[in-house]
file model.pdb (PDB, C-alpha atoms)
MODEL        1
ATOM      1  CA  MET A  15      51.660-153.105 -10.056  1.00  0.00           C
ATOM      2  CA  ALA A  16      52.649-149.871 -11.718  1.00  0.00           C
ATOM      3  CA  ASP A  17      50.365-146.915 -12.205  1.00  0.00           C
ATOM      4  CA  PRO A  18      48.881-147.468 -15.696  1.00  0.00           C
ATOM      5  CA  SER A  19      49.011-143.744 -16.370  1.00  0.00           C
ATOM      6  CA  ALA A  20      52.767-143.725 -15.704  1.00  0.00           C
ATOM      7  CA  LEU A  21      53.216-146.566 -18.158  1.00  0.00           C
ATOM      8  CA  ALA A  22      51.023-144.810 -20.729  1.00  0.00           C
ATOM      9  CA  ALA A  23      53.062-141.639 -20.385  1.00  0.00           C
ATOM     10  CA  ALA A  24      56.301-143.558 -20.824  1.00  0.00           C
ATOM     11  CA  MET A  25      54.885-145.337 -23.879  1.00  0.00           C
ATOM     12  CA  GLN A  26      53.837-142.015 -25.395  1.00  0.00           C
ATOM     13  CA  ARG A  27      57.344-140.652 -24.872  1.00  0.00           C
ATOM     14  CA  LEU A  28      58.849-143.709 -26.576  1.00  0.00           C
ATOM     15  CA  TRP A  29      56.339-143.448 -29.430  1.00  0.00           C
ATOM     16  CA  VAL A  30      57.475-139.894 -30.140  1.00  0.00           C
ATOM     17  CA  GLN A  31      61.121-140.944 -29.813  1.00  0.00           C
ATOM     18  CA  PHE A  32      60.842-143.819 -32.272  1.00  0.00           C
ATOM     19  CA  LEU A  33      58.266-142.412 -34.686  1.00  0.00           C
ATOM     20  CA  PRO A  34      60.929-141.257 -37.191  1.00  0.00           C
ATOM     21  CA  GLN A  35      62.304-144.777 -37.623  1.00  0.00           C
ATOM     22  CA  MET A  36      58.818-146.219 -37.942  1.00  0.00           C
ATOM     23  CA  GLU A  37      58.118-143.629 -40.643  1.00  0.00           C
ATOM     24  CA  GLN A  38      61.329-144.690 -42.350  1.00  0.00           C
ATOM     25  CA  ARG A  39      60.236-148.336 -42.308  1.00  0.00           C
ATOM     26  CA  VAL A  40      56.881-147.413 -43.831  1.00  0.00           C
ATOM     27  CA  ALA A  41      58.704-145.330 -46.441  1.00  0.00           C
ATOM     28  CA  THR A  42      60.718-148.444 -47.305  1.00  0.00           C
ATOM     29  CA  LEU A  43      57.471-150.359 -47.875  1.00  0.00           C
ATOM     30  CA  GLU A  44      56.016-147.494 -49.932  1.00  0.00           C
ATOM     31  CA  ALA A  45      59.139-147.381 -52.091  1.00  0.00           C
ATOM     32  CA  ALA A  46      59.069-151.148 -52.585  1.00  0.00           C
ATOM     33  CA  ALA A  47      55.391-151.061 -53.573  1.00  0.00           C
ATOM     34  CA  ALA A  48      56.059-148.227 -56.030  1.00  0.00           C
ATOM     35  CA  ALA A  49      59.006-150.090 -57.542  1.00  0.00           C
ATOM     36  CA  LEU A  50      56.875-153.209 -57.786  1.00  0.00           C
ATOM     37  CA  ALA A  51      54.204-151.307 -59.694  1.00  0.00           C
ATOM     38  CA  ASP A  52      56.887-150.033 -62.094  1.00  0.00           C
ATOM     39  CA  GLY A  53      58.381-153.496 -62.518  1.00  0.00           C
ATOM     40  CA  LYS A  54      61.639-152.258 -61.001  1.00  0.00           C
ATOM     41  CA  LEU A  55      61.735-153.948 -57.602  1.00  0.00           C
ATOM     42  CA  THR A  56      65.204-155.360 -56.927  1.00  0.00           C
ATOM     43  CA  ALA A  57      66.078-158.271 -54.673  1.00  0.00           C
ATOM     44  CA  ALA A  58      67.860-155.859 -52.350  1.00  0.00           C
ATOM     45  CA  GLN A  59      64.746-153.696 -52.097  1.00  0.00           C
ATOM     46  CA  ALA A  60      62.612-156.758 -51.424  1.00  0.00           C
ATOM     47  CA  GLY A  61      65.023-157.712 -48.646  1.00  0.00           C
ATOM     48  CA  GLU A  62      64.787-154.241 -47.123  1.00  0.00           C
ATOM     49  CA  ALA A  63      61.001-154.380 -47.359  1.00  0.00           C
ATOM     50  CA  THR A  64      60.990-157.786 -45.657  1.00  0.00           C
ATOM     51  CA  LYS A  65      63.034-156.407 -42.762  1.00  0.00           C
ATOM     52  CA  ALA A  66      60.910-153.252 -42.510  1.00  0.00           C
ATOM     53  CA  ALA A  67      57.707-155.300 -42.434  1.00  0.00           C
ATOM     54  CA  HIS A  68      59.184-157.671 -39.852  1.00  0.00           C
ATOM     55  CA  ASN A  69      60.212-154.791 -37.587  1.00  0.00           C
ATOM     56  CA  LEU A  70      56.846-153.064 -37.910  1.00  0.00           C
ATOM     57  CA  ALA A  71      55.010-156.312 -37.185  1.00  0.00           C
ATOM     58  CA  GLY A  72      56.969-156.666 -33.974  1.00  0.00           C
ATOM     59  CA  VAL A  73      56.647-153.139 -32.686  1.00  0.00           C
ATOM     60  CA  LEU A  74      53.356-151.576 -33.793  1.00  0.00           C
ATOM     61  CA  GLY A  75      51.160-153.826 -31.687  1.00  0.00           C
ATOM     62  CA  THR A  76      53.337-153.101 -28.681  1.00  0.00           C
ATOM     63  CA  PHE A  77      52.227-149.483 -29.059  1.00  0.00           C
ATOM     64  CA  GLY A  78      48.616-150.579 -29.341  1.00  0.00           C
ATOM     65  CA  LEU A  79      48.457-150.516 -33.145  1.00  0.00           C
ATOM     66  CA  THR A  80      47.452-154.145 -33.557  1.00  0.00           C
ATOM     67  CA  GLU A  81      46.050-153.523 -37.034  1.00  0.00           C
ATOM     68  CA  GLY A  82      49.519-152.330 -38.026  1.00  0.00           C
ATOM     69  CA  THR A  83      51.032-155.588 -36.841  1.00  0.00           C
ATOM     70  CA  THR A  84      48.428-157.541 -38.825  1.00  0.00           C
ATOM     71  CA  LEU A  85      49.130-155.548 -41.994  1.00  0.00           C
ATOM     72  CA  ALA A  86      52.908-155.809 -41.638  1.00  0.00           C
ATOM     73  CA  ARG A  87      52.641-159.560 -41.031  1.00  0.00           C
ATOM     74  CA  GLU A  88      50.722-159.833 -44.297  1.00  0.00           C
ATOM     75  CA  ALA A  89      53.402-157.921 -46.222  1.00  0.00           C
ATOM     76  CA  GLU A  90      56.460-159.676 -44.757  1.00  0.00           C
ATOM     77  CA  PRO A  91      56.057-163.106 -46.390  1.00  0.00           C
ATOM     78  CA  ALA A  92      55.134-161.555 -49.739  1.00  0.00           C
ATOM     79  CA  TYR A  93      58.479-159.766 -49.903  1.00  0.00           C
ATOM     80  CA  ALA A  94      60.384-162.580 -48.182  1.00  0.00           C
ATOM     81  CA  ALA A  95      59.321-165.099 -50.827  1.00  0.00           C
ATOM     82  CA  GLY A  96      61.679-163.430 -53.294  1.00  0.00           C
ATOM     83  CA  LEU A  97      61.238-162.244 -56.847  1.00  0.00           C
ATOM     84  CA  PRO A  98      59.122-162.265 -58.858  1.00  0.00           C
ATOM     85  CA  ILE A  99      56.282-161.280 -56.548  1.00  0.00           C
ATOM     86  CA  ASP A 100      52.858-162.563 -57.535  1.00  0.00           C
ATOM     87  CA  PRO A 101      51.240-159.811 -59.640  1.00  0.00           C
ATOM     88  CA  GLY A 102      48.018-160.449 -57.750  1.00  0.00           C
ATOM     89  CA  LEU A 103      49.704-159.045 -54.641  1.00  0.00           C
ATOM     90  CA  HIS A 104      51.054-155.804 -56.106  1.00  0.00           C
ATOM     91  CA  ALA A 105      47.989-153.680 -55.432  1.00  0.00           C
ATOM     92  CA  ARG A 106      47.538-155.173 -51.971  1.00  0.00           C
ATOM     93  CA  LEU A 107      51.129-154.397 -50.973  1.00  0.00           C
ATOM     94  CA  ALA A 108      50.641-150.776 -52.037  1.00  0.00           C
ATOM     95  CA  GLU A 109      47.421-150.682 -50.054  1.00  0.00           C
ATOM     96  CA  ILE A 110      49.164-152.082 -46.980  1.00  0.00           C
ATOM     97  CA  ALA A 111      51.907-149.458 -47.178  1.00  0.00           C
ATOM     98  CA  SER A 112      49.270-146.740 -47.454  1.00  0.00           C
ATOM     99  CA  HIS A 113      47.297-148.103 -44.502  1.00  0.00           C
ATOM    100  CA  LEU A 114      50.437-148.297 -42.394  1.00  0.00           C
ATOM    101  CA  ARG A 115      51.241-144.683 -43.259  1.00  0.00           C
ATOM    102  CA  ASN A 116      47.758-143.636 -42.110  1.00  0.00           C
ATOM    103  CA  LEU A 117      48.049-145.660 -38.906  1.00  0.00           C
ATOM    104  CA  ILE A 118      51.346-144.225 -37.756  1.00  0.00           C
ATOM    105  CA  THR A 119      50.269-140.710 -38.740  1.00  0.00           C
ATOM    106  CA  THR A 120      47.219-141.113 -36.535  1.00  0.00           C
ATOM    107  CA  GLY A 121      49.509-142.412 -33.815  1.00  0.00           C
ATOM    108  CA  ALA A 122      49.396-144.696 -30.825  1.00  0.00           C
TER     109      ALA A 122
ATOM    110  CA  MET B   3      61.818-159.420  -5.641  1.00  0.00           C
ATOM    111  CA  ALA B   4      63.768-157.216  -8.039  1.00  0.00           C
ATOM    112  CA  HIS B   5      65.036-159.555 -10.713  1.00  0.00           C
ATOM    113  CA  ARG B   6      67.904-158.690 -13.027  1.00  0.00           C
ATOM    114  CA  ILE B   7      67.123-159.117 -16.727  1.00  0.00           C
ATOM    115  CA  LEU B   8      69.311-158.816 -19.791  1.00  0.00           C
ATOM    116  CA  ILE B   9      67.525-157.868 -23.027  1.00  0.00           C
ATOM    117  CA  ILE B  10      69.399-158.697 -26.235  1.00  0.00           C
ATOM    118  CA  ASP B  11      67.744-157.162 -29.311  1.00  0.00           C
ATOM    119  CA  ASP B  12      69.097-155.219 -32.276  1.00  0.00           C
ATOM    120  CA  GLU B  13      65.892-153.170 -32.588  1.00  0.00           C
ATOM    121  CA  ASP B  14      66.266-150.186 -30.297  1.00  0.00           C
ATOM    122  CA  ASP B  15      62.536-149.447 -30.082  1.00  0.00           C
ATOM    123  CA  ILE B  16      61.725-152.959 -28.873  1.00  0.00           C
ATOM    124  CA  ARG B  17      64.687-152.889 -26.498  1.00  0.00           C
ATOM    125  CA  GLU B  18      63.645-149.568 -24.993  1.00  0.00           C
ATOM    126  CA  VAL B  19      59.973-150.476 -24.625  1.00  0.00           C
ATOM    127  CA  ALA B  20      60.759-153.833 -23.029  1.00  0.00           C
ATOM    128  CA  ALA B  21      63.277-152.270 -20.647  1.00  0.00           C
ATOM    129  CA  MET B  22      60.894-149.484 -19.679  1.00  0.00           C
ATOM    130  CA  SER B  23      58.109-152.010 -19.174  1.00  0.00           C
ATOM    131  CA  LEU B  24      60.119-154.271 -16.875  1.00  0.00           C
ATOM    132  CA  GLU B  25      61.522-151.359 -14.894  1.00  0.00           C
ATOM    133  CA  THR B  26      58.248-149.430 -14.583  1.00  0.00           C
ATOM    134  CA  VAL B  27      55.768-152.243 -14.097  1.00  0.00           C
ATOM    135  CA  ALA B  28      57.857-154.755 -12.155  1.00  0.00           C
ATOM    136  CA  GLY B  29      60.689-152.680 -10.738  1.00  0.00           C
ATOM    137  CA  TRP B  30      63.268-155.066 -12.150  1.00  0.00           C
ATOM    138  CA  GLU B  31      66.845-154.137 -12.951  1.00  0.00           C
ATOM    139  CA  VAL B  32      67.354-154.225 -16.706  1.00  0.00           C
ATOM    140  CA  MET B  33      70.520-154.388 -18.781  1.00  0.00           C
ATOM    141  CA  VAL B  34      70.483-154.222 -22.565  1.00  0.00           C
ATOM    142  CA  ALA B  35      72.649-155.362 -25.459  1.00  0.00           C
ATOM    143  CA  ASP B  36      72.169-154.580 -29.147  1.00  0.00           C
ATOM    144  CA  SER B  37      73.808-157.682 -30.608  1.00  0.00           C
ATOM    145  CA  GLY B  38      74.468-161.306 -29.838  1.00  0.00           C
ATOM    146  CA  ALA B  39      78.171-160.636 -29.298  1.00  0.00           C
ATOM    147  CA  GLN B  40      77.504-157.783 -26.886  1.00  0.00           C
ATOM    148  CA  GLY B  41      74.881-159.905 -25.158  1.00  0.00           C
ATOM    149  CA  LEU B  42      77.354-162.744 -24.549  1.00  0.00           C
ATOM    150  CA  ALA B  43      79.814-160.343 -22.937  1.00  0.00           C
ATOM    151  CA  ARG B  44      77.195-158.665 -20.763  1.00  0.00           C
ATOM    152  CA  ALA B  45      75.640-161.959 -19.711  1.00  0.00           C
ATOM    153  CA  ALA B  46      79.041-163.225 -18.521  1.00  0.00           C
ATOM    154  CA  MET B  47      79.787-159.948 -16.754  1.00  0.00           C
ATOM    155  CA  TYR B  48      76.444-159.272 -15.055  1.00  0.00           C
ATOM    156  CA  LYS B  49      75.065-162.793 -14.546  1.00  0.00           C
ATOM    157  CA  PRO B  50      71.389-161.774 -14.917  1.00  0.00           C
ATOM    158  CA  ASP B  51      68.550-163.868 -13.523  1.00  0.00           C
ATOM    159  CA  ALA B  52      67.181-164.325 -17.051  1.00  0.00           C
ATOM    160  CA  ILE B  53      67.846-163.270 -20.632  1.00  0.00           C
ATOM    161  CA  LEU B  54      65.246-162.026 -23.103  1.00  0.00           C
ATOM    162  CA  LEU B  55      66.753-162.805 -26.501  1.00  0.00           C
ATOM    163  CA  ASP B  56      65.613-161.661 -29.942  1.00  0.00           C
ATOM    164  CA  VAL B  57      65.608-164.383 -32.598  1.00  0.00           C
ATOM    165  CA  MET B  58      66.293-162.459 -35.797  1.00  0.00           C
ATOM    166  CA  MET B  59      69.401-160.319 -35.464  1.00  0.00           C
ATOM    167  CA  PRO B  60      72.093-159.495 -38.015  1.00  0.00           C
ATOM    168  CA  GLY B  61      75.393-161.239 -37.448  1.00  0.00           C
ATOM    169  CA  MET B  62      74.896-163.626 -34.551  1.00  0.00           C
ATOM    170  CA  ASP B  63      71.210-164.524 -34.461  1.00  0.00           C
ATOM    171  CA  GLY B  64      69.222-165.610 -31.410  1.00  0.00           C
ATOM    172  CA  PRO B  65      69.676-169.382 -31.718  1.00  0.00           C
ATOM    173  CA  THR B  66      73.434-168.988 -32.255  1.00  0.00           C
ATOM    174  CA  THR B  67      73.680-166.615 -29.304  1.00  0.00           C
ATOM    175  CA  PHE B  68      71.749-169.103 -27.191  1.00  0.00           C
ATOM    176  CA  ARG B  69      74.120-171.946 -28.079  1.00  0.00           C
ATOM    177  CA  GLU B  70      77.118-169.746 -27.204  1.00  0.00           C
ATOM    178  CA  LEU B  71      75.540-168.874 -23.856  1.00  0.00           C
ATOM    179  CA  ARG B  72      75.154-172.565 -23.101  1.00  0.00           C
ATOM    180  CA  LYS B  73      78.800-173.314 -24.003  1.00  0.00           C
ATOM    181  CA  ASN B  74      80.134-170.833 -21.446  1.00  0.00           C
ATOM    182  CA  PRO B  75      80.041-172.195 -17.858  1.00  0.00           C
ATOM    183  CA  ALA B  76      79.502-168.630 -16.613  1.00  0.00           C
ATOM    184  CA  THR B  77      76.222-168.288 -18.522  1.00  0.00           C
ATOM    185  CA  ALA B  78      75.146-171.881 -19.140  1.00  0.00           C
ATOM    186  CA  GLN B  79      72.578-171.939 -16.323  1.00  0.00           C
ATOM    187  CA  ILE B  80      70.902-168.589 -17.035  1.00  0.00           C
ATOM    188  CA  PRO B  81      67.305-169.090 -18.225  1.00  0.00           C
ATOM    189  CA  VAL B  82      66.740-167.752 -21.737  1.00  0.00           C
ATOM    190  CA  LEU B  83      63.439-166.698 -23.272  1.00  0.00           C
ATOM    191  CA  PHE B  84      63.151-165.936 -26.960  1.00  0.00           C
ATOM    192  CA  LEU B  85      61.322-162.787 -27.973  1.00  0.00           C
ATOM    193  CA  THR B  86      60.195-163.082 -31.564  1.00  0.00           C
ATOM    194  CA  ALA B  87      57.756-161.842 -34.171  1.00  0.00           C
ATOM    195  CA  LYS B  88      57.917-165.281 -35.808  1.00  0.00           C
ATOM    196  CA  VAL B  89      54.727-166.978 -34.752  1.00  0.00           C
ATOM    197  CA  GLN B  90      54.613-170.054 -36.992  1.00  0.00           C
ATOM    198  CA  ALA B  91      54.163-173.335 -35.152  1.00  0.00           C
ATOM    199  CA  THR B  92      57.205-174.770 -36.935  1.00  0.00           C
ATOM    200  CA  ASP B  93      59.364-171.938 -35.628  1.00  0.00           C
ATOM    201  CA  ARG B  94      58.059-172.427 -32.096  1.00  0.00           C
ATOM    202  CA  ARG B  95      58.835-176.162 -32.227  1.00  0.00           C
ATOM    203  CA  ARG B  96      62.331-175.464 -33.564  1.00  0.00           C
ATOM    204  CA  PHE B  97      62.963-172.986 -30.750  1.00  0.00           C
ATOM    205  CA  ALA B  98      61.609-175.365 -28.122  1.00  0.00           C
ATOM    206  CA  ASP B  99      63.929-178.085 -29.415  1.00  0.00           C
ATOM    207  CA  LEU B 100      66.903-175.853 -28.680  1.00  0.00           C
ATOM    208  CA  GLY B 101      66.125-176.031 -24.971  1.00  0.00           C
ATOM    209  CA  ILE B 102      65.035-172.491 -24.265  1.00  0.00           C
ATOM    210  CA  GLU B 103      62.698-171.773 -21.368  1.00  0.00           C
ATOM    211  CA  ALA B 104      59.897-170.104 -23.338  1.00  0.00           C
ATOM    212  CA  VAL B 105      58.976-168.163 -26.445  1.00  0.00           C
ATOM    213  CA  LEU B 106      57.380-164.749 -25.997  1.00  0.00           C
ATOM    214  CA  VAL B 107      55.753-163.185 -29.024  1.00  0.00           C
ATOM    215  CA  LYS B 108      56.212-159.684 -30.415  1.00  0.00           C
ATOM    216  CA  PRO B 109      54.219-157.553 -30.185  1.00  0.00           C
ATOM    217  CA  PHE B 110      53.951-157.839 -26.422  1.00  0.00           C
ATOM    218  CA  ASP B 111      51.808-155.965 -23.932  1.00  0.00           C
ATOM    219  CA  PRO B 112      54.113-153.701 -21.904  1.00  0.00           C
ATOM    220  CA  MET B 113      51.731-153.980 -18.961  1.00  0.00           C
ATOM    221  CA  THR B 114      52.018-157.767 -18.774  1.00  0.00           C
ATOM    222  CA  LEU B 115      55.502-158.566 -20.099  1.00  0.00           C
ATOM    223  CA  SER B 116      56.945-159.064 -16.617  1.00  0.00           C
ATOM    224  CA  THR B 117      54.035-161.354 -15.710  1.00  0.00           C
ATOM    225  CA  GLN B 118      54.669-163.454 -18.820  1.00  0.00           C
ATOM    226  CA  ILE B 119      58.330-163.803 -17.897  1.00  0.00           C
ATOM    227  CA  SER B 120      57.538-164.611 -14.270  1.00  0.00           C
ATOM    228  CA  SER B 121      54.998-167.244 -15.280  1.00  0.00           C
ATOM    229  CA  ALA B 122      57.380-168.863 -17.747  1.00  0.00           C
ATOM    230  CA  LEU B 123      60.161-169.049 -15.161  1.00  0.00           C
ATOM    231  CA  GLY B 124      58.046-169.997 -12.162  1.00  0.00           C
ATOM    232  CA  TRP B 125      58.798-166.748 -10.376  1.00  0.00           C
ATOM    233  CA  ASN B 126      55.204-166.226  -9.241  1.00  0.00           C
TER     234      ASN B 126
ENDMDL
END

call {"tool": "encode", "arguments": {"input": "model.pdb", "output": "structure tokens"}}
result
Amino acid sequence: MADPSALAAAMQRLWVQFLPQMEQRVATLEAAAAALADGKLTAAQAGEATKAAHNLAGVLGTFGLTEGTTLAREAEPAYAAGLPIDPGLHARLAEIASHLRNLITTGA
Amino acid sequence: MAHRILIIDDEDDIREVAAMSLETVAGWEVMVADSGAQGLARAAMYKPDAILLDVMMPGMDGPTTFRELRKNPATAQIPVLFLTAKVQATDRRRFADLGIEAVLVKPFDPMTLSTQISSALGWN
């Protein structure tokens, strides 16, 4: 069995390495939520948001951010269902993007 | 025993974390591929002991890659485990019907990923 501290150090290094692309994925979700609020969300944007949410769901929990995985899993089907998105979900999707931003800013 | 694993995943963060986990925790030899097509070539070239295969990839997805691996006599016998963020029971049944060895769920625990693989393949 490996030294847990060695694994933790390696995970921290990878977190720093991949943080920019996680920030980019969250930015995609923020942009989609903003476009949704303005009634301007396109199918292409919804597709990008679906992929960003899917990627975040898969990776955040691996870095210990299990709440991030839960939030991203909630957003993914909302965007994947296609347009129009249920108006009852608009505020929640903006909230999820904001929570994800806070989570990755706080870090793993 | 130092197993040889091929990880096929288009997401570089997942690929890197899984590779680091298997190398650091289990001391296994890890090869990586960032697409189904690259994975097919590397599987035939390196003949790994097992393949960890992402399901959702652009171009050739996981199920298609799996079927191609099975068509090639050089790779047909290599155990394949899906690694996926899709956790619906219907997805799991569909994957099991393909004939894969196991489905591992993203996110995974880097400390126990090698144990999950070993358990699924009877390597313990």

call {"tool": "interface_residues", "arguments": {"input": "model.pdb", "of": "chain A", "to": "chain B", "cutoff": "10 Å", "atoms": "all atoms listed in the file", "output": "ChimeraX atom specification"}}
result
/A:15-18,20-22,24-25,28-29,31-33,35-36,65,68-80,83,87

call {"tool": "residues_near_point", "arguments": {"input": "model.pdb", "point": "(68.1, -159.7, -18.6)", "cutoff": "9 Å", "atoms": "all atoms listed in the file", "output": "number ranges by chain"}}
result
B: 5-10, 31-34, 45, 49-55, 82

call {"tool": "resolve_selection", "arguments": {"input": "model.pdb", "expression": "the PyMOL selection byres ((chain A and resi 104-109) around 9)", "output": "list of chain:residue names"}}
result
A:Leu43, A:Glu44, A:Ala46, A:Ala47, A:Ala48, A:Leu50, A:Ala51, A:Glu88, A:Ala89, A:Ala92, A:Ile99, A:Asp100, A:Pro101, A:Gly102, A:Leu103, A:Ile110, A:Ala111, A:Ser112, A:His113, A:Leu114

call {"tool": "residues_around", "arguments": {"input": "model.pdb", "residues": "Gly124 of chain B", "least_positions_apart": "2", "cutoff": "12 Å", "atoms": "all atoms listed in the file", "output": "list in words"}}
result
Ala52, Pro81, Glu103, Ala104, Ser116, Thr117, Gln118, Ile119, Ser120, Ser121, Ala122 and Asn126 of chain B

call {"tool": "residues_around", "arguments": {"input": "model.pdb", "residues": "Gly96 of chain A", "least_positions_apart": "6", "cutoff": "9 Å", "atoms": "all atoms listed in the file", "output": "short mmCIF file (atom, residue, chain, number, x, y, z; two decimals) with C-alpha atoms, in the coordinates of the input"}}
result
data_model
loop_
_atom_site.label_atom_id
_atom_site.label_comp_id
_atom_site.auth_asym_id
_atom_site.auth_seq_id
_atom_site.Cartn_x
_atom_site.Cartn_y
_atom_site.Cartn_z
CA ALA A 57 66.08 -158.27 -54.67
CA ALA A 60 62.61 -156.76 -51.42
CA GLY A 61 65.02 -157.71 -48.65
#

call {"tool": "atom_distance", "arguments": {"input": "model.pdb", "atom1": "atom CA of Phe68 of chain B", "atom2": "atom CA of Ile102 of chain B"}}
result
8.1 Å

call {"tool": "atom_distance", "arguments": {"input": "model.pdb", "atom1": "atom CA of Asn116 of chain A", "atom2": "atom CA of Gly82 of chain A"}}
result
9.8 Å

call {"tool": "atom_distance", "arguments": {"input": "model.pdb", "atom1": "atom CA of Gly41 of chain B", "atom2": "atom CA of Thr66 of chain B"}}
result
11.6 Å

call {"tool": "axis_aligned_box", "arguments": {"input": "model.pdb", "around": "segment 22-40 of chain A", "padding_each_side": "5 Å", "output": "lines of an AutoDock Vina configuration file"}}
result
center_x = 56.7
center_y = -144.1
center_z = -32.1
size_x = 21.3
size_y = 18.4
size_z = 33.4

call {"tool": "resolve_selection", "arguments": {"input": "model.pdb", "expression": "the PyMOL selection byres ((chain B and resi 38) around 6)", "output": "PDB file with C-alpha atoms, in the coordinates of the input"}}
result
ATOM      1  CA  SER B  37      73.808-157.682 -30.608  1.00  0.00           C
ATOM      2  CA  ALA B  39      78.171-160.636 -29.298  1.00  0.00           C
ATOM      3  CA  GLN B  40      77.504-157.783 -26.886  1.00  0.00           C
ATOM      4  CA  GLY B  41      74.881-159.905 -25.158  1.00  0.00           C
ATOM      5  CA  MET B  62      74.896-163.626 -34.551  1.00  0.00           C
ATOM      6  CA  THR B  67      73.680-166.615 -29.304  1.00  0.00           C
TER       7      THR B  67
END
